[in-house]
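Printed here is upload.cif (mmCIF, C-alpha atoms):
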data_target
#
loop_
_atom_site.label_atom_id
_atom_site.label_comp_id
_atom_site.auth_asym_id
_atom_site.auth_seq_id
_atom_site.Cartn_x
_atom_site.Cartn_y
_atom_site.Cartn_z
CA MET A 1 110.60 114.86 97.35
CA LEU A 2 114.30 115.67 97.39
CA ALA A 3 115.14 112.40 95.63
CA ALA A 4 112.53 112.86 92.91
CA THR A 5 113.43 116.50 92.34
CA ALA A 6 117.18 115.87 92.29
CA ARG A 7 116.70 113.32 89.52
CA VAL A 8 115.20 116.08 87.37
CA ALA A 9 117.32 119.01 88.53
CA GLY A 10 120.61 117.16 88.45
CA ASP A 11 121.71 119.36 91.38
CA PHE A 12 121.11 118.94 95.09
CA ASP A 13 121.15 122.68 95.80
CA LEU A 14 118.62 123.41 93.07
CA ALA A 15 116.50 120.47 94.21
CA GLU A 16 116.43 121.73 97.80
CA GLU A 17 115.43 125.20 96.60
CA CYS A 18 112.62 123.82 94.45
CA VAL A 19 111.33 121.64 97.30
CA GLN A 20 111.16 124.72 99.54
CA GLU A 21 109.34 126.65 96.80
CA ALA A 22 106.85 123.79 96.51
CA TYR A 23 106.04 124.11 100.22
CA VAL A 24 105.54 127.86 99.79
CA ALA A 25 103.25 127.21 96.82
CA ALA A 26 101.26 124.70 98.88
CA LEU A 27 100.61 127.27 101.61
CA GLY A 28 98.71 129.39 99.10
CA ALA A 29 97.14 126.74 96.87
CA TRP A 30 95.93 124.48 99.67
CA ALA A 31 94.48 127.35 101.66
CA ARG A 32 92.54 128.37 98.55
CA ASP A 33 91.61 124.99 97.06
CA GLY A 34 91.93 122.60 99.97
CA VAL A 35 94.50 119.90 100.69
CA PRO A 36 94.77 117.46 97.74
CA ASP A 37 94.06 113.74 98.13
CA LYS A 38 97.77 112.99 97.71
CA PRO A 39 99.65 115.95 99.19
CA GLY A 40 103.04 114.25 98.87
CA ALA A 41 102.52 113.66 95.16
CA TRP A 42 101.32 117.26 94.72
CA LEU A 43 104.42 118.64 96.42
CA THR A 44 106.75 116.36 94.49
CA ALA A 45 105.17 117.21 91.14
CA THR A 46 105.34 120.91 91.94
CA ALA A 47 108.99 120.73 92.98
CA ARG A 48 109.91 118.76 89.85
CA ARG A 49 108.04 121.21 87.64
CA LYS A 50 109.85 124.14 89.21
CA ALA A 51 113.17 122.39 88.63
CA LEU A 52 112.32 121.84 84.96
CA ASP A 53 111.34 125.50 84.61
CA VAL A 54 114.75 126.54 85.91
CA LEU A 55 116.54 124.16 83.58
CA ARG A 56 114.58 125.33 80.56
CA ARG A 57 115.69 128.88 81.27
CA GLN A 58 119.27 127.78 81.02
CA GLN A 59 120.37 127.49 77.40
CA VAL A 60 123.32 125.30 78.27
CA PHE A 61 122.31 124.03 81.68
CA ARG A 62 124.63 121.05 81.62
CA SER A 63 127.69 123.29 81.68
CA LYS A 64 126.24 125.39 84.52
CA LEU A 65 124.41 122.75 86.56
CA PRO A 66 126.22 119.47 85.97
CA LEU A 67 125.78 118.16 89.50
CA LEU A 68 124.33 114.64 89.46
CA VAL A 69 123.28 114.89 85.78
CA GLU A 70 121.75 111.89 84.06
CA PRO A 71 121.91 111.33 80.25
CA ASP A 72 119.24 113.26 78.31
CA GLU A 73 117.15 110.27 77.44
CA ALA A 74 117.04 109.04 81.03
CA GLU A 75 116.46 112.42 82.64
CA MET A 76 112.78 111.94 83.33
CA ASP A 77 112.89 108.18 83.76
CA GLU A 78 112.05 106.75 87.15
CA PRO A 79 114.71 104.28 88.32
CA ASP A 80 113.90 100.76 89.35
CA GLU A 81 113.20 101.39 93.02
CA ASP A 82 112.34 97.82 93.94
CA ALA A 83 115.90 97.29 95.20
CA VAL A 84 115.29 99.75 98.06
CA PRO A 85 111.57 100.04 98.82
CA ASP A 86 111.73 102.65 101.62
CA ASP A 87 111.87 106.26 100.36
CA ARG A 88 114.30 107.66 102.93
CA LEU A 89 116.54 104.58 102.89
CA ARG A 90 116.60 104.75 99.10
CA LEU A 91 117.93 108.29 99.26
CA VAL A 92 120.57 107.29 101.84
CA PHE A 93 121.84 104.53 99.55
CA THR A 94 121.79 106.91 96.59
CA CYS A 95 123.89 109.55 98.36
CA CYS A 96 126.45 107.02 99.62
CA HIS A 97 128.16 106.83 96.23
CA PRO A 98 131.50 104.96 96.34
CA ALA A 99 133.20 107.54 94.09
CA ILE A 100 133.02 110.05 96.95
CA ALA A 101 135.30 109.82 99.98
CA ARG A 102 133.68 107.88 102.82
CA GLU A 103 133.52 110.72 105.35
CA ALA A 104 132.13 113.02 102.66
CA GLN A 105 129.44 110.46 101.77
CA VAL A 106 128.37 110.22 105.39
CA ALA A 107 128.47 113.95 106.06
CA LEU A 108 126.56 114.81 102.87
CA THR A 109 123.89 112.23 103.61
CA LEU A 110 123.44 113.29 107.24
CA ARG A 111 123.10 116.91 106.15
CA LEU A 112 120.83 116.53 103.12
CA VAL A 113 118.80 113.42 103.89
CA CYS A 114 118.67 113.26 107.67
CA GLY A 115 118.51 116.96 108.44
CA VAL A 116 121.38 116.95 110.94
CA SER A 117 122.99 120.37 111.31
CA THR A 118 126.53 120.93 110.06
CA GLY A 119 127.65 121.75 113.61
CA ASP A 120 126.30 118.50 115.02
CA ILE A 121 127.87 116.51 112.18
CA ALA A 122 131.18 118.23 112.90
CA ARG A 123 130.99 117.19 116.56
CA ALA A 124 130.30 113.59 115.53
CA PHE A 125 133.43 113.62 113.36
CA LEU A 126 135.51 115.47 115.98
CA VAL A 127 136.26 118.37 113.63
CA SER A 128 135.35 122.07 113.59
CA GLU A 129 132.15 123.29 111.95
CA PRO A 130 134.00 125.23 109.19
CA THR A 131 135.99 122.09 108.41
CA MET A 132 132.83 120.04 108.08
CA ALA A 133 131.11 122.72 105.98
CA ALA A 134 134.09 122.72 103.63
CA ARG A 135 133.99 118.91 103.46
CA VAL A 136 130.34 118.93 102.40
CA THR A 137 131.07 121.60 99.79
CA ARG A 138 133.98 119.59 98.41
CA ALA A 139 131.74 116.52 98.17
CA LYS A 140 129.24 118.45 96.07
CA LYS A 141 132.02 119.76 93.85
CA LYS A 142 133.39 116.23 93.44
CA ILE A 143 129.98 115.06 92.30
CA SER A 144 129.87 117.93 89.84
CA ALA A 145 133.38 117.55 88.47
CA ALA A 146 133.16 113.76 88.11
CA ARG A 147 129.62 113.97 86.70
CA ILE A 148 128.51 111.26 89.10
CA PRO A 149 124.98 110.23 88.10
CA TYR A 150 122.14 110.57 90.55
CA ARG A 151 120.31 107.26 90.52
CA VAL A 152 119.09 104.59 92.89
CA PRO A 153 121.68 101.77 93.00
CA GLU A 154 120.76 98.34 91.70
CA ALA A 155 120.47 95.45 94.16
CA ALA A 156 123.96 94.20 93.20
CA GLU A 157 125.45 97.57 94.15
CA LEU A 158 124.00 97.70 97.64
CA PRO A 159 126.69 95.64 99.47
CA GLU A 160 129.51 98.01 98.50
CA ARG A 161 127.52 100.93 99.90
CA LEU A 162 126.32 99.15 103.02
CA ASP A 163 129.13 100.17 105.38
CA ALA A 164 128.64 103.85 104.56
CA VAL A 165 124.88 103.50 105.02
CA LEU A 166 125.38 101.80 108.38
CA THR A 167 127.71 104.61 109.42
CA VAL A 168 125.10 107.20 108.47
CA VAL A 169 122.38 105.46 110.47
CA HIS A 170 124.66 104.89 113.47
CA LEU A 171 125.69 108.54 113.58
CA LEU A 172 122.07 109.59 113.13
CA TYR A 173 121.14 107.51 116.16
CA THR A 174 124.11 108.77 118.17
CA THR A 175 123.13 112.37 117.42
CA GLY A 176 119.62 111.62 118.69
CA HIS A 177 120.69 109.51 121.69
CA THR A 178 122.76 112.36 123.13
CA ALA A 179 122.11 115.57 121.24
CA PRO A 180 125.42 117.40 120.67
CA SER A 181 123.66 120.72 121.30
CA GLY A 182 120.35 122.08 122.50
CA ALA A 183 118.25 121.90 125.63
CA ASP A 184 117.24 118.22 125.65
CA LEU A 185 119.48 115.23 126.21
CA VAL A 186 117.63 113.10 123.64
CA ARG A 187 116.23 113.96 120.22
CA ALA A 188 113.55 111.31 119.96
CA ASP A 189 112.79 112.12 116.32
CA LEU A 190 116.32 111.19 115.23
CA VAL A 191 116.35 108.10 117.44
CA GLU A 192 113.09 106.83 115.96
CA ARG A 193 114.23 107.64 112.43
CA ALA A 194 117.46 105.67 112.92
CA LEU A 195 115.57 102.69 114.35
CA HIS A 196 113.14 102.75 111.43
CA LEU A 197 115.94 102.90 108.87
CA THR A 198 117.76 100.01 110.55
CA ARG A 199 114.65 97.84 110.58
CA MET A 200 114.16 98.62 106.88
CA LEU A 201 117.79 97.64 106.30
CA LEU A 202 117.26 94.34 108.07
CA ALA A 203 114.20 93.60 105.95
CA LEU A 204 116.20 94.51 102.83
CA MET A 205 119.41 92.64 103.72
CA PRO A 206 118.49 90.02 106.36
CA ASP A 207 121.66 87.97 105.88
CA GLU A 208 124.08 90.80 106.65
CA PRO A 209 125.43 90.30 110.20
CA GLU A 210 126.42 93.95 110.61
CA VAL A 211 122.84 95.04 109.94
CA ARG A 212 121.75 92.72 112.75
CA GLY A 213 124.58 94.08 114.87
CA LEU A 214 123.57 97.68 114.33
CA LEU A 215 119.90 97.03 115.10
CA ALA A 216 120.95 95.12 118.22
CA LEU A 217 123.19 98.00 119.32
CA LEU A 218 120.43 100.55 118.84
CA LEU A 219 117.80 98.46 120.63
CA LEU A 220 120.03 97.62 123.58
CA THR A 221 121.14 101.22 123.97
CA ASP A 222 117.70 102.73 123.48
CA ALA A 223 116.20 100.34 126.04
CA ARG A 224 117.56 102.73 128.70
CA ARG A 225 116.06 105.89 127.19
CA ALA A 226 113.35 106.43 129.83
CA THR A 227 115.84 106.17 132.71
CA ARG A 228 118.61 108.43 131.41
CA THR A 229 117.09 111.50 133.03
CA ASP A 230 115.14 112.03 136.25
CA ALA A 231 111.69 113.61 136.59
CA GLU A 232 113.23 117.10 136.27
CA GLY A 233 115.14 116.16 133.13
CA ARG A 234 118.52 115.94 134.85
CA LEU A 235 121.00 113.47 133.41
CA LEU A 236 121.53 110.23 135.33
CA ARG A 237 124.70 108.19 135.02
CA LEU A 238 124.44 104.55 134.04
CA ALA A 239 125.28 103.58 137.62
CA ASP A 240 122.32 105.59 138.93
CA GLN A 241 119.64 104.46 136.49
CA ASP A 242 116.65 102.32 137.51
CA ARG A 243 117.35 99.07 135.70
CA SER A 244 113.91 97.70 136.50
CA ALA A 245 112.48 100.36 134.16
CA TRP A 246 114.60 99.34 131.17
CA ASP A 247 112.72 98.03 128.14
CA ARG A 248 113.10 94.26 128.52
CA VAL A 249 111.39 93.52 125.20
CA ALA A 250 113.95 95.62 123.35
CA ILE A 251 116.77 94.05 125.37
CA GLY A 252 115.52 90.54 124.50
CA GLU A 253 115.30 91.34 120.80
CA GLY A 254 118.71 93.00 120.83
CA ARG A 255 120.27 90.04 122.62
CA ARG A 256 118.89 87.61 120.04
CA LEU A 257 120.22 89.74 117.20
CA VAL A 258 123.69 89.84 118.80
CA LEU A 259 123.78 86.07 119.06
CA ASP A 260 122.58 85.73 115.46
CA ALA A 261 125.31 88.08 114.26
CA PHE A 262 128.05 86.24 116.17
CA ARG A 263 126.86 82.85 114.89
CA THR A 264 127.65 83.92 111.32
CA GLY A 265 131.35 84.16 112.15
CA ARG A 266 131.50 87.54 110.36
CA VAL A 267 131.54 89.86 113.31
CA GLY A 268 132.09 93.55 112.71
CA ARG A 269 132.26 96.69 114.82
CA TYR A 270 128.52 97.08 115.31
CA ALA A 271 128.03 93.51 116.52
CA ILE A 272 130.94 93.94 118.94
CA GLN A 273 129.50 97.18 120.29
CA ALA A 274 126.14 95.44 120.60
CA ALA A 275 127.78 92.67 122.63
CA ILE A 276 129.17 95.32 125.00
CA ALA A 277 125.74 96.95 125.25
CA SER A 278 124.24 93.52 125.93
CA LEU A 279 126.54 92.97 128.91
CA HIS A 280 125.48 96.33 130.33
CA ALA A 281 121.80 95.55 129.73
CA LEU A 282 121.92 92.12 131.38
CA ALA A 283 124.00 93.12 134.42
CA PRO A 284 122.04 93.28 137.71
CA SER A 285 123.92 96.45 138.70
CA TYR A 286 126.70 98.73 137.51
CA ALA A 287 129.22 97.23 139.90
CA ALA A 288 128.20 93.67 139.01
CA THR A 289 128.71 94.21 135.28
CA ASP A 290 131.16 91.81 133.62
CA TRP A 291 133.81 94.51 133.23
CA PRO A 292 136.70 92.15 132.36
CA GLN A 293 134.75 90.81 129.38
CA ILE A 294 133.83 94.35 128.34
CA VAL A 295 137.52 95.30 128.33
CA GLN A 296 138.25 92.24 126.18
CA LEU A 297 135.51 93.20 123.74
CA TYR A 298 136.90 96.73 123.53
CA ASP A 299 140.31 95.24 122.73
CA VAL A 300 138.74 93.36 119.82
CA LEU A 301 136.78 96.44 118.75
CA LEU A 302 139.95 98.54 118.64
CA THR A 303 141.47 96.10 116.14
CA ARG A 304 138.41 96.51 113.88
CA TRP A 305 137.83 100.21 114.55
CA PRO A 306 140.94 102.00 115.90
CA SER A 307 139.08 105.08 117.10
CA PRO A 308 140.24 107.34 119.96
CA VAL A 309 136.63 107.46 121.16
CA VAL A 310 136.59 103.66 121.44
CA ALA A 311 139.88 103.81 123.37
CA LEU A 312 138.38 106.41 125.72
CA ASN A 313 135.33 104.24 126.37
CA ARG A 314 137.66 101.30 127.00
CA ALA A 315 139.46 103.37 129.65
CA VAL A 316 136.20 103.69 131.59
CA ALA A 317 135.89 99.90 131.64
CA VAL A 318 139.56 99.61 132.66
CA SER A 319 138.83 101.80 135.67
CA MET A 320 136.34 99.19 136.88
CA VAL A 321 138.84 96.35 136.44
CA ALA A 322 142.26 97.80 137.24
CA GLY A 323 141.24 100.92 139.15
CA PRO A 324 141.03 104.63 138.34
CA ALA A 325 144.79 105.19 138.38
CA ALA A 326 145.36 102.74 135.53
CA ALA A 327 142.50 104.29 133.57
CA LEU A 328 143.78 107.83 134.19
CA ALA A 329 147.13 106.93 132.63
CA GLU A 330 145.30 105.80 129.49
CA VAL A 331 143.11 108.90 129.42
CA ASP A 332 146.13 111.19 129.81
CA ALA A 333 147.80 109.42 126.89
CA LEU A 334 144.66 109.89 124.78
CA ALA A 335 144.66 113.59 125.64
CA GLN A 336 147.67 113.91 123.32
CA ASP A 337 145.51 112.89 120.35
CA PRO A 338 144.50 116.14 118.58
CA ARG A 339 141.26 114.53 117.41
CA LEU A 340 140.01 114.64 121.01
CA ALA A 341 141.02 118.25 121.63
CA GLY A 342 137.43 119.50 121.61
CA TYR A 343 135.77 116.33 122.88
CA HIS A 344 134.20 117.22 126.21
CA TYR A 345 133.86 113.61 127.33
CA LEU A 346 137.64 113.30 127.71
CA PRO A 347 138.02 115.95 130.47
CA ALA A 348 134.69 114.82 131.98
CA ILE A 349 135.94 111.24 132.29
CA ARG A 350 139.29 112.50 133.54
CA ALA A 351 137.52 114.57 136.18
CA ASP A 352 135.57 111.57 137.42
CA LEU A 353 138.74 109.47 137.65
CA LEU A 354 140.54 112.22 139.56
CA HIS A 355 137.55 112.52 141.89
CA ARG A 356 137.71 108.79 142.59
CA LEU A 357 141.44 109.17 143.31
CA ASP A 358 140.64 111.89 145.90
CA ARG A 359 142.33 114.65 143.91
CA PRO A 360 139.53 117.26 144.09
CA ALA A 361 141.44 120.32 142.87
CA GLU A 362 142.56 118.57 139.70
CA ALA A 363 139.11 117.08 139.22
CA ALA A 364 137.52 120.53 139.50
CA GLN A 365 139.89 121.89 136.84
CA ALA A 366 139.02 119.01 134.53
CA TYR A 367 135.32 119.74 135.03
CA ARG A 368 135.99 123.39 134.13
CA THR A 369 137.57 122.25 130.88
CA ALA A 370 134.64 119.97 130.09
CA LEU A 371 132.17 122.79 130.78
CA GLU A 372 133.98 125.01 128.30
CA LEU A 373 133.47 122.39 125.58
CA VAL A 374 129.96 121.03 126.20
CA ASP A 375 127.03 122.40 124.15
CA ASN A 376 124.13 120.27 125.44
CA ASP A 377 122.22 121.93 128.29
CA ALA A 378 121.40 118.68 130.12
CA GLU A 379 125.03 117.61 130.09
CA ARG A 380 126.15 121.08 131.13
CA THR A 381 123.81 120.98 134.13
CA PHE A 382 125.17 117.56 135.12
CA LEU A 383 128.79 118.71 134.85
CA THR A 384 128.01 121.92 136.75
CA THR A 385 126.53 119.89 139.60
CA ARG A 386 129.55 117.63 139.72
CA PHE A 387 131.86 120.64 139.68
CA ALA A 388 129.93 122.31 142.50
CA GLU A 389 130.36 119.23 144.66
CA LEU A 390 134.15 119.71 144.49
CA THR A 391 134.31 123.43 145.11
CA PRO A 392 133.53 125.23 148.39
CA PRO A 393 130.62 127.72 148.39
#

The structure in this file should be written as structure tokens.
Amino acid sequence: MLAATARVAGDFDLAEECVQEAYVAALGAWARDGVPDKPGAWLTATARRKALDVLRRQQVFRSKLPLLVEPDEAEMDEPDEDAVPDDRLRLVFTCCHPAIAREAQVALTLRLVCGVSTGDIARAFLVSEPTMAARVTRAKKKISAARIPYRVPEAAELPERLDAVLTVVHLLYTTGHTAPSGADLVRADLVERALHLTRMLLALMPDEPEVRGLLALLLLTDARRATRTDAEGRLLRLADQDRSAWDRVAIGEGRRLVLDAFRTGRVGRYAIQAAIASLHALAPSYAATDWPQIVQLYDVLLTRWPSPVVALNRAVAVSMVAGPAAALAEVDALAQDPRLAGYHYLPAIRADLLHRLDRPAEAAQAYRTALELVDNDAERTFLTTRFAELTPP
């Protein structure tokens, strides 16, 4: 609906408003006349009609609403949508326009297409919510000022947008896998949406190794979903999860996709992360995991994706190879990176390392810091329990 209406409105904000008005209109019309045979088509037609009504009331609407405007003669034309057959994936590709800065593409798409809140997007990018809100606003203004056309990209244009699309889907999954805020650890709706989009991507671009890598990463990670919390909904660490309850079908499919991606010789960050996830999934226990190989894979990943979050995850693996003291030195160095200033996993990992080094007072202080930063209730409960274990009653 948003895609169809935006093509007519030439403005995302106006399109969103008209879509909402269409839902309001449906509440009255459907209660009176019954639900139509094709409710989606009814809603879309209503939203488009409302957009046209607004535009007709504007004598010079191009000067006032230039966002995503198409030429006059093409305004009502439907684009060739065969290149991207899935509706939601089509809109993701459309929003990931290369004329917009990469982070702005991803943020705008997550907000408008995937329904992720601005606050949760900000946490994913390790920035404040006002900063992210301003970034989305600037992206819209860039579209307006540059008169970037709203249209579905042709098949030949898909490869240049693929990395941004993969980033959107990966962050969508990450937001669902561990919800940045709220009561539940997992948002299953976002997880399932990300898996669906990735499978559609694989059907659309089967020869792209990074698409295989991303689907492998999601499958291998999601195979543990049922064991990440106990019967009371309390978070369980990877070391404490029941590996016999992991989804072996998903693990098998993910493993095959990893091998397929590596055989191409064009290995990117998602395939490397999938290889790490594969080692975790195949290990008989946490202690028996091939930690040296995981550290090596993180070293490779850091050359492809020099992220402080990747370096922090690598430090956890280092603690299993070289001991907690070596890992703590790396974590303390990463603490100087301002991008991790509000990232609650850094003090949480630091607290665990200090606990393992039998430094309870310092570990308790690190847990206090993590508790000040965490917004997910399940994670807060876990950290509170860990903190209580270190402090006398």

How far is it from CA of Phe93 (chain A) to CA of Thr178 (chain A), in Å with one decimal? 24.9 Å

Rounded to one decimal, what separation in Å do you get between CA of Thr227 (chain A) and CA of Leu340 (chain A)?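 Taking CA of Thr227 (chain A) and CA of Leu340 (chain A), their separation equals 28.2 Å.
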
Skip region 273-279 of chain A itself and residues of its chain fewer than 5 positions away, then list as JSON, numbers by chain all residues within 12 Å of it, counting all atoms listed in the file. {"A": [170, 209, 210, 211, 212, 213, 214, 215, 216, 217, 218, 219, 220, 221, 222, 223, 224, 238, 248, 250, 251, 252, 253, 254, 255, 256, 257, 258, 259, 260, 261, 262, 267, 268, 284, 285, 286, 288, 289, 290, 291, 292, 293, 294, 295, 296, 297, 298, 299, 300, 301, 302, 304, 305, 310, 313, 314, 317]}

Write the residues of the selection above to a file with C-alpha atoms, as a short mmCIF file (atom, residue, chain, number, x, y, z; two decimals), keeping the file's coordinate frame.
data_model
loop_
_atom_site.label_atom_id
_atom_site.label_comp_id
_atom_site.auth_asym_id
_atom_site.auth_seq_id
_atom_site.Cartn_x
_atom_site.Cartn_y
_atom_site.Cartn_z
CA HIS A 170 124.66 104.89 113.47
CA PRO A 209 125.43 90.30 110.20
CA GLU A 210 126.42 93.95 110.61
CA VAL A 211 122.84 95.04 109.94
CA ARG A 212 121.75 92.72 112.75
CA GLY A 213 124.58 94.08 114.87
CA LEU A 214 123.57 97.68 114.33
CA LEU A 215 119.90 97.03 115.10
CA ALA A 216 120.95 95.12 118.22
CA LEU A 217 123.19 98.00 119.32
CA LEU A 218 120.43 100.55 118.84
CA LEU A 219 117.80 98.46 120.63
CA LEU A 220 120.03 97.62 123.58
CA THR A 221 121.14 101.22 123.97
CA ASP A 222 117.70 102.73 123.48
CA ALA A 223 116.20 100.34 126.04
CA ARG A 224 117.56 102.73 128.70
CA LEU A 238 124.44 104.55 134.04
CA ARG A 248 113.10 94.26 128.52
CA ALA A 250 113.95 95.62 123.35
CA ILE A 251 116.77 94.05 125.37
CA GLY A 252 115.52 90.54 124.50
CA GLU A 253 115.30 91.34 120.80
CA GLY A 254 118.71 93.00 120.83
CA ARG A 255 120.27 90.04 122.62
CA ARG A 256 118.89 87.61 120.04
CA LEU A 257 120.22 89.74 117.20
CA VAL A 258 123.69 89.84 118.80
CA LEU A 259 123.78 86.07 119.06
CA ASP A 260 122.58 85.73 115.46
CA ALA A 261 125.31 88.08 114.26
CA PHE A 262 128.05 86.24 116.17
CA VAL A 267 131.54 89.86 113.31
CA GLY A 268 132.09 93.55 112.71
CA PRO A 284 122.04 93.28 137.71
CA SER A 285 123.92 96.45 138.70
CA TYR A 286 126.70 98.73 137.51
CA ALA A 288 128.20 93.67 139.01
CA THR A 289 128.71 94.21 135.28
CA ASP A 290 131.16 91.81 133.62
CA TRP A 291 133.81 94.51 133.23
CA PRO A 292 136.70 92.15 132.36
CA GLN A 293 134.75 90.81 129.38
CA ILE A 294 133.83 94.35 128.34
CA VAL A 295 137.52 95.30 128.33
CA GLN A 296 138.25 92.24 126.18
CA LEU A 297 135.51 93.20 123.74
CA TYR A 298 136.90 96.73 123.53
CA ASP A 299 140.31 95.24 122.73
CA VAL A 300 138.74 93.36 119.82
CA LEU A 301 136.78 96.44 118.75
CA LEU A 302 139.95 98.54 118.64
CA ARG A 304 138.41 96.51 113.88
CA TRP A 305 137.83 100.21 114.55
CA VAL A 310 136.59 103.66 121.44
CA ASN A 313 135.33 104.24 126.37
CA ARG A 314 137.66 101.30 127.00
CA ALA A 317 135.89 99.90 131.64
#

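Taking CA of Ala179 (chain A) and CA of Ser128 (chain A) as the two end points, the separation is 16.6 Å.
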
Nearest candidate to Thr369 (chain A) (options A:Leu171, A:Leu346, A:Met205, A:Ala388; using only C-alpha atoms):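 Selected residue with least distance to Thr369 (chain A): A:Leu346.
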